[in-house]
Amino acid sequence: MSKELQHYVPRFLLKNFAKGKKPQIFVYDKSNDNQFKTNIKNIAAETGFYDIEVEDGEFTLEPGLSHLESNTSGIIKTITNERSLQHLKEKDKAILAFFLAVQFVRTKEHRIRFEHMGNLLREKLTAIGATDENISELIGTQNGVPEEKMIGFQSIMEADEFVPHFLNKTWALFETNNKYPLYTSDNPITLHNENDYGFRGNIGLAVKGIQIYIPLSSTLCLGLLCPSIGDEFQKGYENIKFIDKNLPGMVDKHFKNAEATRNFCECIANKTPIQLTKDHVTFMNSLQVMYSSRFVYCQEESLSLVKEMVTDDDKYRTGLKATAS
């Protein structure tokens, strides 16, 4: 097997959250509250993470992933340099959507979720009297490769199925400043939904109202929003423009979020960044804490939110997990 350290969050992306010629980044380990600074080559990586032994030798996904990262890094660099989505061509958008689809399933956390689900299934099968042999037939290894690793490989190879769900969203760029930096993590694509669908749940790439966020740097975050969100803002924006035209000054006097609605719609239309407040940054950073498997990263030593969240609720010490009923 290869002894190569393989990253499940690309170094070109981590570099945007680091400082120095030998890029250093601050790290918070949720499992033990340890905080330290290290080179990005040491984080979000595992030896042989994309390698498996097969009958004819070794199979690896690393070359394909490296090629994808090479195609994507320049696109993200243009976005972060220009601080705009204006230069994002349709081809670039398609490449970036594929990168996001792969990133969504290539992380350690993605595998841990399947491992966790396997453990839950083992417990259920044991509870109803299944033998170890029965369980091994259903959950086990293939050619000595853990089931969660095989599923991880399969997920990456089938990631193109998710691309339409990224492309059909409203793409927006969000911006903060160095005073309130964004976090990233070992599982950087996060999902949020304000809608409540009860027992059906509200998290999924195709669920109405979904918001998908991936920080691109310590001051820029790409948001992919369900079109229904943009539609609601647009309706409000049209109403505001109508009132502005017929009753100047009325909107700003009586509507609390008029300026925010104007700004959101104009930034979406112009593909320019939407300015984040301190509270908005805290919200986005809290998603990184929630979704991270173990490690949260920041360019600055401002990781107090992580400690606060894991101290207040122990469930945040690991990533989001399924439960059995």
# chains A, B, ... in the order shown; residues from 1 in each chain; ligands from 1

call {"tool": "residues_around", "arguments": {"residues": "Ile156 in chain A", "least_positions_apart": "6", "cutoff": "9 Å", "atoms": "only C-alpha atoms", "output": "list in words"}}
result
Leu61, Ala101, Val102, Gln103, Phe104, Val105 and Arg106 of chain A

call {"tool": "write_last_selection", "arguments": {"atoms": "N, CA and C atoms", "output": "mmCIF file, in the first residue's frame"}}
result
data_model
loop_
_atom_site.group_PDB
_atom_site.id
_atom_site.type_symbol
_atom_site.label_atom_id
_atom_site.label_comp_id
_atom_site.auth_asym_id
_atom_site.auth_seq_id
_atom_site.Cartn_x
_atom_site.Cartn_y
_atom_site.Cartn_z
ATOM 1 N N LEU A 61 -7.573 6.495 -6.280
ATOM 2 C CA LEU A 61 -8.343 7.597 -6.849
ATOM 3 C C LEU A 61 -7.536 8.891 -6.893
ATOM 4 N N ALA A 101 -19.441 18.533 -5.784
ATOM 5 C CA ALA A 101 -20.100 17.226 -5.648
ATOM 6 C C ALA A 101 -19.131 16.175 -5.117
ATOM 7 N N VAL A 102 -17.901 16.193 -5.630
ATOM 8 C CA VAL A 102 -16.884 15.250 -5.156
ATOM 9 C C VAL A 102 -16.472 15.569 -3.723
ATOM 10 N N GLN A 103 -16.263 16.866 -3.433
ATOM 11 C CA GLN A 103 -15.863 17.262 -2.087
ATOM 12 C C GLN A 103 -16.917 16.868 -1.060
ATOM 13 N N PHE A 104 -18.151 16.884 -1.473
ATOM 14 C CA PHE A 104 -19.267 16.548 -0.600
ATOM 15 C C PHE A 104 -19.161 15.113 -0.069
ATOM 16 N N VAL A 105 -18.532 14.220 -0.857
ATOM 17 C CA VAL A 105 -18.506 12.803 -0.472
ATOM 18 C C VAL A 105 -17.099 12.247 -0.243
ATOM 19 N N ARG A 106 -16.072 13.076 -0.376
ATOM 20 C CA ARG A 106 -14.709 12.538 -0.302
ATOM 21 C C ARG A 106 -14.087 12.607 1.089
#

call {"tool": "residues_around", "arguments": {"residues": "Lys41 in chain A", "least_positions_apart": "5", "cutoff": "12 Å", "atoms": "only C-alpha atoms", "output": "JSON, numbers by chain"}}
result
{"A": [4, 5, 6, 7, 8, 9, 10, 11, 12, 13, 14, 15, 18, 22, 23, 24, 25, 46, 47]}

call {"tool": "residues_around", "arguments": {"residues": "Lys278 in chain A", "least_positions_apart": "4", "cutoff": "12 Å", "atoms": "only C-alpha atoms", "output": "VMD selection string"}}
result
chain A and resid 175 to 182 219 282 to 285

call {"tool": "atom_distance", "arguments": {"atom1": "CA of Ala159 in chain A", "atom2": "CA of Leu85 in chain A"}}
result
23.9 Å

call {"tool": "atom_distance", "arguments": {"atom1": "CA of Cys265 in chain A", "atom2": "CA of Lys241 in chain A"}}
result
11.5 Å

call {"tool": "closest_residue", "arguments": {"among": "A:Glu308, A:Glu147, A:Asp231, A:Asp196", "to": "Arg113 in chain A", "atoms": "only C-alpha atoms"}}
result
A:Glu147

call {"tool": "atom_distance", "arguments": {"atom1": "CA of Asn246 in chain A", "atom2": "CA of Ile229 in chain A"}}
result
26.3 Å

call {"tool": "residues_around", "arguments": {"residues": "range 187-190 of chain A", "least_positions_apart": "6", "cutoff": "7 Å", "atoms": "only C-alpha atoms", "output": "list in words"}}
result
Phe104, Thr107, Glu109, Ile212, Tyr213, Ile214, Leu287, Gln288, Tyr291, Ser292 and Ser293 of chain A

call {"tool": "write_last_selection", "arguments": {"atoms": "C-alpha atoms", "output": "short mmCIF file (atom, residue, chain, number, x, y, z; two decimals), in the first residue's frame"}}
result
data_model
loop_
_atom_site.label_atom_id
_atom_site.label_comp_id
_atom_site.auth_asym_id
_atom_site.auth_seq_id
_atom_site.Cartn_x
_atom_site.Cartn_y
_atom_site.Cartn_z
CA PHE A 104 -19.27 16.55 -0.60
CA THR A 107 -14.15 13.43 3.36
CA GLU A 109 -16.73 12.36 7.86
CA ILE A 212 -25.30 25.05 0.96
CA TYR A 213 -22.15 26.83 2.10
CA ILE A 214 -18.45 26.27 1.46
CA LEU A 287 -22.15 25.19 10.75
CA GLN A 288 -18.47 24.31 10.32
CA TYR A 291 -20.45 19.39 10.37
CA SER A 292 -16.77 18.88 11.12
CA SER A 293 -15.72 15.35 11.96
#

call {"tool": "residues_around", "arguments": {"residues": "range 67-70 of chain A", "least_positions_apart": "4", "cutoff": "8 Å", "atoms": "only C-alpha atoms", "output": "JSON, numbers by chain"}}
result
{"A": [10, 63, 74, 99]}

call {"tool": "closest_residue", "arguments": {"among": "A:Thr170, A:Thr38, A:Asn81, A:Asn239", "to": "Gln211 in chain A", "atoms": "only C-alpha atoms"}}
result
A:Thr170

call {"tool": "residues_around", "arguments": {"residues": "Lys169 in chain A", "least_positions_apart": "5", "cutoff": "6 Å", "atoms": "only C-alpha atoms", "output": "MDAnalysis selection string"}}
result
chainID A and resid 224:227

call {"tool": "closest_residue", "arguments": {"among": "A:Asp186, A:Leu167, A:Ser286, A:Phe264", "to": "Leu303 in chain A", "atoms": "only C-alpha atoms"}}
result
A:Ser286
